[in-house]
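Structure file entry_35.txt; described as compact mmCIF, C-alpha atoms and all ligand atoms.
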# COMPACT_ATOMS: atom_id res chain seq x y z
CA MET D 1 -23.40 -8.61 -20.36
CA ILE D 2 -20.22 -7.43 -18.71
CA TYR D 3 -16.66 -7.10 -19.97
CA ILE D 4 -14.03 -9.08 -18.05
CA GLY D 5 -10.27 -9.01 -18.02
CA ASN D 6 -7.27 -8.73 -15.76
CA HIS D 7 -4.32 -6.55 -15.05
CA LEU D 8 -1.60 -7.13 -17.71
CA SER D 9 2.05 -6.21 -18.03
CA SER D 10 2.70 -3.36 -20.46
CA SER D 11 6.37 -4.27 -20.95
CA ARG D 12 5.87 -5.55 -24.53
CA GLY D 13 3.73 -2.65 -25.68
CA TYR D 14 0.09 -2.01 -26.56
CA LEU D 15 -0.74 -4.62 -29.19
CA ALA D 16 0.92 -7.35 -27.12
CA MET D 17 -1.45 -6.51 -24.25
CA GLY D 18 -4.48 -6.87 -26.52
CA GLU D 19 -3.21 -10.25 -27.72
CA ALA D 20 -2.48 -11.38 -24.18
CA ALA D 21 -5.98 -10.36 -23.09
CA LEU D 22 -7.52 -12.36 -25.96
CA SER D 23 -5.44 -15.42 -25.12
CA LEU D 24 -6.80 -15.35 -21.54
CA GLY D 25 -10.41 -14.98 -22.71
CA GLY D 26 -10.64 -11.31 -21.76
CA ASP D 27 -12.52 -8.52 -23.52
CA THR D 28 -11.06 -5.67 -21.49
CA PHE D 29 -7.88 -5.28 -19.42
CA ALA D 30 -5.93 -3.02 -17.13
CA PHE D 31 -2.29 -1.95 -17.30
CA PHE D 32 0.06 0.39 -15.49
CA THR D 33 0.80 3.50 -17.51
CA ARG D 34 4.42 3.30 -16.30
CA ASN D 35 6.46 1.47 -13.69
CA PRO D 36 3.89 0.97 -10.89
CA ARG D 37 6.34 2.48 -8.42
CA GLY D 38 6.40 5.66 -10.52
CA GLY D 39 9.20 7.18 -12.56
CA LYS D 40 9.78 7.72 -16.21
CA ALA D 41 7.44 6.19 -18.76
CA LYS D 42 8.63 4.68 -22.00
CA ASP D 43 7.78 6.77 -25.05
CA ALA D 44 4.55 5.50 -26.54
CA ASP D 45 4.71 4.14 -30.08
CA PRO D 46 1.66 5.59 -31.90
CA ALA D 47 1.62 2.80 -34.51
CA ASP D 48 1.58 0.17 -31.76
CA ALA D 49 -1.24 2.04 -29.98
CA ALA D 50 -3.20 2.25 -33.25
CA ALA D 51 -2.77 -1.50 -33.77
CA LEU D 52 -4.24 -2.10 -30.33
CA MET D 53 -7.18 0.22 -31.07
CA GLU D 54 -7.87 -1.78 -34.22
CA LEU D 55 -7.84 -5.03 -32.24
CA LEU D 56 -10.19 -3.59 -29.59
CA GLY D 57 -12.72 -2.61 -32.23
CA ARG D 58 -12.46 -5.84 -34.20
CA GLU D 59 -12.79 -8.06 -31.12
CA GLY D 60 -15.55 -6.03 -29.46
CA PHE D 61 -13.62 -5.08 -26.34
CA GLY D 62 -15.06 -2.90 -23.61
CA ARG D 63 -13.15 0.12 -22.39
CA LEU D 64 -9.70 -0.38 -20.95
CA VAL D 65 -8.96 0.68 -17.39
CA ALA D 66 -5.40 2.00 -17.21
CA HIS D 67 -3.99 2.36 -13.70
CA ALA D 68 -1.78 5.18 -12.42
CA PRO D 69 1.30 4.17 -10.41
CA TYR D 70 0.03 3.15 -6.96
CA THR D 71 2.73 5.21 -5.26
CA MET D 72 1.47 8.40 -6.93
CA ASN D 73 0.25 10.60 -4.08
CA LEU D 74 -1.25 13.82 -5.39
CA CYS D 75 -1.98 15.03 -1.84
CA SER D 76 1.34 14.24 -0.15
CA ASP D 77 2.39 16.61 2.63
CA LYS D 78 5.74 17.05 0.84
CA PRO D 79 5.65 19.58 -2.03
CA SER D 80 8.36 17.71 -3.99
CA ILE D 81 6.35 14.46 -3.91
CA ARG D 82 3.19 16.33 -4.81
CA LYS D 83 4.89 17.94 -7.80
CA PHE D 84 6.36 14.60 -8.91
CA ALA D 85 2.87 13.05 -8.73
CA LEU D 86 1.21 15.89 -10.61
CA ASP D 87 3.86 15.78 -13.36
CA MET D 88 3.23 12.04 -13.80
CA PHE D 89 -0.53 12.58 -13.80
CA CYS D 90 -0.32 15.29 -16.50
CA ASP D 91 2.05 13.21 -18.60
CA ASP D 92 -0.13 10.08 -18.28
CA LEU D 93 -3.27 11.92 -19.36
CA LYS D 94 -1.49 13.19 -22.46
CA ARG D 95 -0.18 9.72 -23.28
CA MET D 96 -3.62 8.18 -22.75
CA GLU D 97 -4.69 10.04 -25.89
CA ASN D 98 -2.67 7.48 -27.89
CA THR D 99 -5.55 5.16 -27.01
CA PRO D 100 -8.51 7.54 -27.17
CA GLY D 101 -11.66 7.10 -25.13
CA GLN D 102 -10.39 4.79 -22.40
CA TYR D 103 -10.36 5.02 -18.59
CA TYR D 104 -7.49 6.17 -16.37
CA ASN D 105 -7.93 5.02 -12.78
CA PHE D 106 -6.00 6.44 -9.82
CA HIS D 107 -5.93 6.25 -6.04
CA PRO D 108 -7.01 9.64 -4.69
CA GLY D 109 -4.08 9.59 -2.27
CA SER D 110 -3.11 9.66 1.39
CA HIS D 111 -3.34 12.89 3.35
CA VAL D 112 -0.49 11.89 5.73
CA GLY D 113 -1.75 13.97 8.62
CA GLN D 114 -2.99 17.04 6.73
CA GLY D 115 -6.58 15.93 7.17
CA THR D 116 -9.17 14.83 4.63
CA ASP D 117 -10.54 18.31 3.91
CA ALA D 118 -7.15 19.72 2.92
CA ALA D 119 -6.37 16.62 0.85
CA ILE D 120 -9.64 16.83 -1.07
CA ASP D 121 -8.83 20.42 -2.08
CA ILE D 122 -5.32 19.44 -3.20
CA ILE D 123 -6.59 16.45 -5.21
CA ALA D 124 -9.29 18.56 -6.88
CA SER D 125 -6.82 21.26 -7.87
CA ALA D 126 -4.44 18.59 -9.25
CA LEU D 127 -7.34 17.30 -11.37
CA ASP D 128 -8.06 20.85 -12.54
CA THR D 129 -4.43 21.17 -13.65
CA ALA D 130 -4.10 17.77 -15.32
CA MET D 131 -7.40 17.49 -17.17
CA PHE D 132 -7.49 19.42 -20.41
CA GLU D 133 -9.88 20.71 -23.02
CA GLY D 134 -10.65 18.08 -25.63
CA MET D 135 -9.36 15.08 -23.71
CA THR D 136 -11.14 11.83 -24.54
CA THR D 137 -10.06 9.88 -21.45
CA THR D 138 -12.36 9.54 -18.46
CA VAL D 139 -10.46 9.76 -15.16
CA LEU D 140 -11.68 7.33 -12.51
CA LEU D 141 -11.35 7.79 -8.76
CA GLU D 142 -10.89 4.39 -7.13
CA THR D 143 -12.86 3.50 -4.00
CA MET D 144 -10.28 2.81 -1.29
CA SER D 145 -10.24 0.66 1.85
CA GLY D 146 -9.40 3.63 4.07
CA LYS D 147 -6.16 2.13 5.37
CA GLY D 148 -3.73 4.58 6.94
CA SER D 149 -4.67 8.11 5.90
CA GLU D 150 -6.17 7.14 2.53
CA VAL D 151 -8.74 9.48 1.03
CA GLY D 152 -11.68 7.76 -0.68
CA GLY D 153 -12.50 5.16 1.97
CA ASN D 154 -16.16 6.15 1.74
CA PHE D 155 -18.40 7.32 -1.08
CA GLY D 156 -18.84 10.76 0.48
CA GLU D 157 -15.17 11.64 0.08
CA LEU D 158 -15.24 10.75 -3.60
CA ARG D 159 -18.36 12.87 -4.03
CA ARG D 160 -16.58 15.81 -2.42
CA ILE D 161 -13.63 15.49 -4.82
CA ILE D 162 -16.02 15.40 -7.79
CA ASP D 163 -17.86 18.45 -6.43
CA SER D 164 -14.59 20.34 -5.91
CA VAL D 165 -13.24 20.19 -9.46
CA LYS D 166 -14.07 22.91 -11.98
CA ASP D 167 -15.27 20.53 -14.68
CA SER D 168 -16.28 17.01 -13.64
CA SER D 169 -17.56 15.93 -17.05
CA HIS D 170 -14.55 13.59 -17.51
CA LEU D 171 -14.62 12.13 -13.98
CA GLY D 172 -16.00 8.79 -12.89
CA VAL D 173 -15.53 6.16 -10.21
CA CYS D 174 -14.06 2.65 -10.23
CA LEU D 175 -15.51 0.43 -7.51
CA ASP D 176 -13.01 -2.06 -6.08
CA THR D 177 -14.94 -4.88 -4.40
CA CYS D 178 -12.08 -5.73 -2.01
CA HIS D 179 -11.60 -2.10 -1.04
CA VAL D 180 -15.27 -1.30 -0.36
CA TRP D 181 -15.59 -4.53 1.66
CA ASP D 182 -12.49 -3.70 3.70
CA ALA D 183 -13.92 -0.20 4.12
CA GLY D 184 -17.07 -1.70 5.67
CA TYR D 185 -19.64 -1.78 2.83
CA ASP D 186 -21.60 -5.05 2.99
CA ILE D 187 -21.62 -6.22 -0.61
CA VAL D 188 -22.19 -9.81 0.58
CA GLU D 189 -25.47 -9.42 2.47
CA ASP D 190 -26.68 -6.18 0.90
CA LEU D 191 -25.20 -5.52 -2.54
CA GLU D 192 -28.29 -3.63 -3.69
CA GLY D 193 -28.26 -1.49 -0.55
CA VAL D 194 -24.61 -0.56 -1.15
CA LEU D 195 -25.42 0.37 -4.74
CA ASP D 196 -28.40 2.41 -3.51
CA GLU D 197 -26.04 4.30 -1.26
CA PHE D 198 -23.54 4.77 -4.11
CA ASP D 199 -26.38 6.14 -6.21
CA ARG D 200 -27.60 8.48 -3.48
CA VAL D 201 -24.13 9.81 -2.59
CA ILE D 202 -22.30 9.83 -5.95
CA GLY D 203 -24.81 8.82 -8.62
CA LEU D 204 -24.63 5.50 -10.47
CA ASP D 205 -24.04 7.34 -13.75
CA ARG D 206 -20.50 7.98 -12.39
CA LEU D 207 -19.80 4.28 -11.91
CA LYS D 208 -17.66 3.32 -14.92
CA ALA D 209 -15.65 0.24 -13.91
CA VAL D 210 -15.30 -2.48 -11.27
CA HIS D 211 -12.11 -3.97 -9.82
CA ILE D 212 -13.26 -7.48 -8.99
CA ASN D 213 -11.20 -8.92 -6.13
CA ASP D 214 -11.97 -11.09 -3.15
CA SER D 215 -10.57 -9.97 0.20
CA MET D 216 -8.29 -11.70 2.71
CA ASN D 217 -9.86 -9.59 5.44
CA VAL D 218 -13.14 -9.42 7.30
CA ARG D 219 -15.49 -6.59 6.44
CA GLY D 220 -14.43 -3.23 7.81
CA ALA D 221 -10.81 -4.29 8.43
CA ALA D 222 -9.56 -1.17 6.59
CA LYS D 223 -6.64 -3.21 5.26
CA ASP D 224 -6.67 -3.99 1.49
CA ARG D 225 -5.32 -7.43 0.68
CA HIS D 226 -6.74 -9.06 -2.42
CA ALA D 227 -7.67 -12.76 -2.61
CA LYS D 228 -8.62 -15.01 -5.51
CA ILE D 229 -12.32 -15.01 -6.39
CA GLY D 230 -14.14 -17.32 -3.98
CA GLU D 231 -11.13 -17.78 -1.69
CA GLY D 232 -11.61 -14.74 0.54
CA HIS D 233 -14.15 -13.30 2.93
CA ILE D 234 -16.42 -12.00 0.16
CA GLY D 235 -16.84 -15.47 -1.35
CA GLY D 236 -18.06 -16.99 -4.60
CA GLU D 237 -21.79 -16.62 -3.95
CA ALA D 238 -21.46 -12.86 -3.58
CA PHE D 239 -19.49 -12.64 -6.83
CA ARG D 240 -22.20 -14.58 -8.66
CA ARG D 241 -24.64 -11.87 -7.60
CA ILE D 242 -22.20 -9.07 -8.44
CA VAL D 243 -21.63 -10.18 -12.04
CA ARG D 244 -25.38 -10.78 -12.49
CA CYS D 245 -26.36 -7.44 -10.96
CA GLU D 246 -28.61 -5.48 -13.30
CA ARG D 247 -27.07 -2.12 -12.40
CA LEU D 248 -23.52 -3.28 -13.16
CA GLN D 249 -24.19 -4.59 -16.66
CA GLY D 250 -22.11 -3.10 -19.46
CA LEU D 251 -19.17 -2.22 -17.22
CA PRO D 252 -15.58 -3.49 -17.51
CA PHE D 253 -14.68 -5.84 -14.61
CA ILE D 254 -10.96 -6.00 -13.90
CA LEU D 255 -9.32 -8.80 -11.91
CA GLU D 256 -6.44 -7.77 -9.64
CA THR D 257 -6.29 -11.11 -7.86
CA PRO D 258 -3.05 -12.87 -6.92
CA ASN D 259 -2.85 -15.17 -9.97
CA ASP D 260 -0.67 -16.40 -12.79
CA ASP D 261 -1.99 -16.43 -16.39
CA ALA D 262 -3.71 -19.82 -15.98
CA GLY D 263 -5.42 -18.55 -12.84
CA TYR D 264 -6.64 -15.43 -14.61
CA ALA D 265 -7.96 -17.45 -17.57
CA ARG D 266 -9.86 -19.65 -15.10
CA GLU D 267 -11.34 -16.68 -13.21
CA ILE D 268 -12.33 -14.90 -16.44
CA ALA D 269 -14.11 -18.04 -17.72
CA MET D 270 -15.80 -18.56 -14.34
CA LEU D 271 -17.05 -14.99 -14.00
CA ARG D 272 -18.23 -14.93 -17.60
CA ALA D 273 -20.22 -18.13 -17.05
CA TRP D 274 -21.68 -16.78 -13.81
CA SER D 275 -22.61 -13.51 -15.48
CA ARG D 276 -24.73 -15.56 -17.91
CA GLY D 277 -26.31 -17.55 -15.12
CA GLU D 278 -24.33 -20.66 -16.08
CA GLU D 279 -22.03 -22.86 -14.06
CA ALA D 280 -18.28 -22.31 -14.40
CA PRO D 281 -16.63 -24.54 -17.03
CA GLU D 282 -14.30 -27.30 -15.87
CA VAL D 283 -10.65 -26.46 -16.53
FE FE G 301 -5.90 0.41 -7.51
FE FE G 302 -8.16 -1.88 -7.31
ZN ZN G 303 -6.21 -3.00 -3.43

For the file at hand, write its structure as structure tokens.
Ligand code: FE
Ligand code: FE
Ligand code: ZN
Amino acid sequence: MIYIGNHLSSSRGYLAMGEAALSLGGDTFAFFTRNPRGGKAKDADPADAAALMELLGREGFGRLVAHAPYTMNLCSDKPSIRKFALDMFCDDLKRMENTPGQYYNFHPGSHVGQGTDAAIDIIASALDTAMFEGMTTTVLLETMSGKGSEVGGNFGELRRIIDSVKDSSHLGVCLDTCHVWDAGYDIVEDLEGVLDEFDRVIGLDRLKAVHINDSMNVRGAAKDRHAKIGEGHIGGEAFRRIVRCERLQGLPFILETPNDDAGYAREIAMLRAWSRGEEAPEV
């Protein structure tokens, strides 16, 4: 089995997200730890967080996949932006302990002309600073499409980040289907081959979560525009195989497709049916 859910708004707090996920048929979800454009986070209410944890246990949820602000660039060429990003990263990892044992996913960053090697060192040292003794969160590096000067557009770059940190025991990877497709990995014709390569380069034991998105672009476009499941260039048949894939069982699958609530409920029901080898229910 797999866990399925979508990205939810955190504006009404922790428990409200758990209830929203349930109402859409989800058994995991994603949320931004603060305004997705960055900036100050609301103070977390520990009682609200505890109420969510209780709901997760009672309802048998998989792990949650929190998402760092997408503007957070740990390897910016500007020291002030780098510091701002690192401060957010440190603060987020502390606040994640309100909901112990979950995932915190981030985009490795864009090197903006400094080159990939320099960026990998900066990202690794940021991780060394932000991760702390006794933390229960696992930090996930997201596979990127490689647009612009993005780091993480191939598995090798993620491996190098993991190899460059002092202690990688709390590091994993989140595979975004749209991003790897846009980066050139053929998950349509050769899903197992792509996973073999992931295993060879990074190790499948590091694969902790999937962002399940179709893509508006052809393979290798290095763009990153998400489409609804079955409405992009990856296509429904490939997603049937993805959710049935033996090596992906047990993981949380997060939808970041352009949808309203009804659309998410439909996609969750469809993917859940497919993951069981059944046809999608009529809605
Ligand atoms: Fe992302
Ligand atoms: Fe993603
Ligand atoms: Zn994306």

| request: List all protein, DNA and RNA residues that have at least one atom no more than 7 Å from any atom of ligand FE 302 (chain G), counting only C-alpha atoms and all ligand atoms, and write them as a list of chain:residue names. | output: D:Glu142, D:Asp176, D:His211, D:Glu256

Give me a file of those residues, with C-alpha atoms, as a CSV table (one decimal), in the frame of the given file.
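Dumped everything to selection.csv:
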chain,number,residue,atom,x,y,z
D,142,GLU,CA,-10.9,4.4,-7.1
D,176,ASP,CA,-13.0,-2.1,-6.1
D,211,HIS,CA,-12.1,-4.0,-9.8
D,256,GLU,CA,-6.4,-7.8,-9.6

| Option closest in space to Gly39 (chain D), from D:Asp87, D:Asp163, D:Asp77, D:Asp128 [counting all atoms listed in the file] |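 That would be D:Asp87, the residue with the smallest distance to Gly39 (chain D).
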
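One distance worth recording is that between CA of Arg58 (chain D) and CA of Ala21 (chain D), which is 13.6 Å.
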
| request: Quick one: pull the distance between CA of Cys245 (chain D) and CA of Ile2 (chain D), Å, one decimal. | output: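 Interatomic distance, CA of Cys245 (chain D) to CA of Ile2 (chain D): 9.9 Å.
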
| message | With distances taken over all atoms listed in the file, which residue among D:Leu251, D:Ala68, D:Leu271, D:Val218 lies nearest Gly236 (chain D)? | response |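 Using all atoms listed in the file, Gly236 (chain D) sits closest to D:Leu271.
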
Residues within 12 Å of ligand FE 301 (chain G), counting all atoms listed in the file: report them as a tab-separated table (two decimals) with C-alpha atoms, in the frame of the given file.
chain	number	residue	atom	x	y	z
D	7	HIS	CA	-4.32	-6.55	-15.05
D	30	ALA	CA	-5.93	-3.02	-17.13
D	31	PHE	CA	-2.29	-1.95	-17.30
D	32	PHE	CA	0.06	0.39	-15.49
D	36	PRO	CA	3.89	0.97	-10.89
D	65	VAL	CA	-8.96	0.68	-17.39
D	66	ALA	CA	-5.40	2.00	-17.21
D	67	HIS	CA	-3.99	2.36	-13.70
D	68	ALA	CA	-1.78	5.18	-12.42
D	69	PRO	CA	1.30	4.17	-10.41
D	70	TYR	CA	0.03	3.15	-6.96
D	71	THR	CA	2.73	5.21	-5.26
D	72	MET	CA	1.47	8.40	-6.93
D	104	TYR	CA	-7.49	6.17	-16.37
D	105	ASN	CA	-7.93	5.02	-12.78
D	106	PHE	CA	-6.00	6.44	-9.82
D	107	HIS	CA	-5.93	6.25	-6.04
D	108	PRO	CA	-7.01	9.64	-4.69
D	109	GLY	CA	-4.08	9.59	-2.27
D	140	LEU	CA	-11.68	7.33	-12.51
D	141	LEU	CA	-11.35	7.79	-8.76
D	142	GLU	CA	-10.89	4.39	-7.13
D	143	THR	CA	-12.86	3.50	-4.00
D	144	MET	CA	-10.28	2.81	-1.29
D	145	SER	CA	-10.24	0.66	1.85
D	152	GLY	CA	-11.68	7.76	-0.68
D	173	VAL	CA	-15.53	6.16	-10.21
D	174	CYS	CA	-14.06	2.65	-10.23
D	175	LEU	CA	-15.51	0.43	-7.51
D	176	ASP	CA	-13.01	-2.06	-6.08
D	177	THR	CA	-14.94	-4.88	-4.40
D	178	CYS	CA	-12.08	-5.73	-2.01
D	179	HIS	CA	-11.60	-2.10	-1.04
D	180	VAL	CA	-15.27	-1.30	-0.36
D	209	ALA	CA	-15.65	0.24	-13.91
D	210	VAL	CA	-15.30	-2.48	-11.27
D	211	HIS	CA	-12.11	-3.97	-9.82
D	212	ILE	CA	-13.26	-7.48	-8.99
D	213	ASN	CA	-11.20	-8.92	-6.13
D	224	ASP	CA	-6.67	-3.99	1.49
D	225	ARG	CA	-5.32	-7.43	0.68
D	226	HIS	CA	-6.74	-9.06	-2.42
D	254	ILE	CA	-10.96	-6.00	-13.90
D	255	LEU	CA	-9.32	-8.80	-11.91
D	256	GLU	CA	-6.44	-7.77	-9.64
D	257	THR	CA	-6.29	-11.11	-7.86

| task | Write out as number ranges by chain the residues lying within 12 Å of region 228-234 of chain D, counting all atoms listed in the file and excluding same-chain residues fewer than 6 positions away. | result | D: 177-182, 184-191, 211-221, 240-243, 254-260, 263-264, 266-271

| field | Residue nearest ligand ZN 303 (chain G) among D:Gly153, D:Gly277, D:Gly250, D:Gly203 (counting only C-alpha atoms and all ligand atoms) | value |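 That would be D:Gly153, the residue with the smallest distance to ligand ZN 303 (chain G).
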
| request: Mind giving me the straight-line distance from CA of Asp48 (chain D) to CA of Met96 (chain D) in Å, one decimal? | output: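 Separation between CA of Asp48 (chain D) and CA of Met96 (chain D): 13.1 Å.
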
| message | Between D:Glu237, D:Glu279, D:Glu192, D:Glu54, which residue has the minimum interatomic distance to Pro100 (chain D), considering only C-alpha atoms? | response |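 Nearest to Pro100 (chain D): D:Glu54.
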
| Which one of D:Ala222, D:Leu127, D:Met135, D:Ala265 sits closest to ligand ZN 303 (chain G) if you count only C-alpha atoms and all ligand atoms? |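 Using only C-alpha atoms and all ligand atoms, ligand ZN 303 (chain G) sits closest to D:Ala222.
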
| For ligand ZN 303 (chain G), which residue out of D:Ala227, D:Ala49, D:Ile202, D:Leu24 is the nearest one, using all atoms listed in the file? |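 Using all atoms listed in the file, the shortest distance to ligand ZN 303 (chain G) belongs to D:Ala227.
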
Repaired coordinates for region 244-261 of chain D (N, CA and C atoms) as a PDB file, in the coordinates of the input:
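To be explicit, this is the file written out as rebuild-v2.pdb:
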ATOM      1  N   ARG D 244     -24.016 -10.708 -11.948  1.00  0.00           N
ATOM      2  CA  ARG D 244     -25.380 -10.780 -12.490  1.00  0.00           C
ATOM      3  C   ARG D 244     -26.166  -9.497 -12.255  1.00  0.00           C
ATOM      4  N   CYS D 245     -25.619  -8.621 -11.413  1.00  0.00           N
ATOM      5  CA  CYS D 245     -26.360  -7.440 -10.960  1.00  0.00           C
ATOM      6  C   CYS D 245     -26.761  -6.555 -12.146  1.00  0.00           C
ATOM      7  N   GLU D 246     -28.053  -6.267 -12.201  1.00  0.00           N
ATOM      8  CA  GLU D 246     -28.610  -5.480 -13.300  1.00  0.00           C
ATOM      9  C   GLU D 246     -27.888  -4.140 -13.471  1.00  0.00           C
ATOM     10  N   ARG D 247     -27.627  -3.480 -12.337  1.00  0.00           N
ATOM     11  CA  ARG D 247     -27.070  -2.120 -12.400  1.00  0.00           C
ATOM     12  C   ARG D 247     -25.593  -2.086 -12.750  1.00  0.00           C
ATOM     13  N   LEU D 248     -24.950  -3.254 -12.827  1.00  0.00           N
ATOM     14  CA  LEU D 248     -23.520  -3.280 -13.160  1.00  0.00           C
ATOM     15  C   LEU D 248     -23.273  -3.769 -14.590  1.00  0.00           C
ATOM     16  N   GLN D 249     -24.360  -4.071 -15.298  1.00  0.00           N
ATOM     17  CA  GLN D 249     -24.190  -4.590 -16.660  1.00  0.00           C
ATOM     18  C   GLN D 249     -23.579  -3.525 -17.568  1.00  0.00           C
ATOM     19  N   GLY D 250     -22.754  -3.999 -18.499  1.00  0.00           N
ATOM     20  CA  GLY D 250     -22.110  -3.100 -19.460  1.00  0.00           C
ATOM     21  C   GLY D 250     -20.772  -2.555 -19.003  1.00  0.00           C
ATOM     22  N   LEU D 251     -20.418  -2.782 -17.729  1.00  0.00           N
ATOM     23  CA  LEU D 251     -19.170  -2.220 -17.220  1.00  0.00           C
ATOM     24  C   LEU D 251     -17.994  -3.175 -17.450  1.00  0.00           C
ATOM     25  N   PRO D 252     -16.761  -2.630 -17.546  1.00  0.00           N
ATOM     26  CA  PRO D 252     -15.580  -3.490 -17.510  1.00  0.00           C
ATOM     27  C   PRO D 252     -15.279  -3.939 -16.078  1.00  0.00           C
ATOM     28  N   PHE D 253     -15.037  -5.236 -15.900  1.00  0.00           N
ATOM     29  CA  PHE D 253     -14.680  -5.840 -14.610  1.00  0.00           C
ATOM     30  C   PHE D 253     -13.226  -6.288 -14.690  1.00  0.00           C
ATOM     31  N   ILE D 254     -12.396  -5.731 -13.848  1.00  0.00           N
ATOM     32  CA  ILE D 254     -10.960  -6.000 -13.900  1.00  0.00           C
ATOM     33  C   ILE D 254     -10.506  -6.820 -12.695  1.00  0.00           C
ATOM     34  N   LEU D 255      -9.881  -7.960 -12.975  1.00  0.00           N
ATOM     35  CA  LEU D 255      -9.320  -8.800 -11.910  1.00  0.00           C
ATOM     36  C   LEU D 255      -7.939  -8.299 -11.510  1.00  0.00           C
ATOM     37  N   GLU D 256      -7.761  -8.108 -10.205  1.00  0.00           N
ATOM     38  CA  GLU D 256      -6.440  -7.770  -9.640  1.00  0.00           C
ATOM     39  C   GLU D 256      -6.133  -8.776  -8.541  1.00  0.00           C
ATOM     40  N   THR D 257      -6.450 -10.038  -8.839  1.00  0.00           N
ATOM     41  CA  THR D 257      -6.290 -11.110  -7.860  1.00  0.00           C
ATOM     42  C   THR D 257      -4.880 -11.677  -7.952  1.00  0.00           C
ATOM     43  N   PRO D 258      -4.392 -12.287  -6.866  1.00  0.00           N
ATOM     44  CA  PRO D 258      -3.050 -12.870  -6.920  1.00  0.00           C
ATOM     45  C   PRO D 258      -3.055 -14.151  -7.747  1.00  0.00           C
ATOM     46  N   ASN D 259      -2.730 -14.057  -9.026  1.00  0.00           N
ATOM     47  CA  ASN D 259      -2.850 -15.170  -9.970  1.00  0.00           C
ATOM     48  C   ASN D 259      -1.729 -15.163 -10.985  1.00  0.00           C
ATOM     49  N   ASP D 260      -1.480 -16.337 -11.574  1.00  0.00           N
ATOM     50  CA  ASP D 260      -0.670 -16.400 -12.790  1.00  0.00           C
ATOM     51  C   ASP D 260      -1.652 -16.405 -13.980  1.00  0.00           C
ATOM     52  N   ASP D 261      -1.126 -16.499 -15.205  1.00  0.00           N
ATOM     53  CA  ASP D 261      -1.990 -16.430 -16.390  1.00  0.00           C
ATOM     54  C   ASP D 261      -3.080 -17.504 -16.369  1.00  0.00           C
TER      55      ASP D 261
END
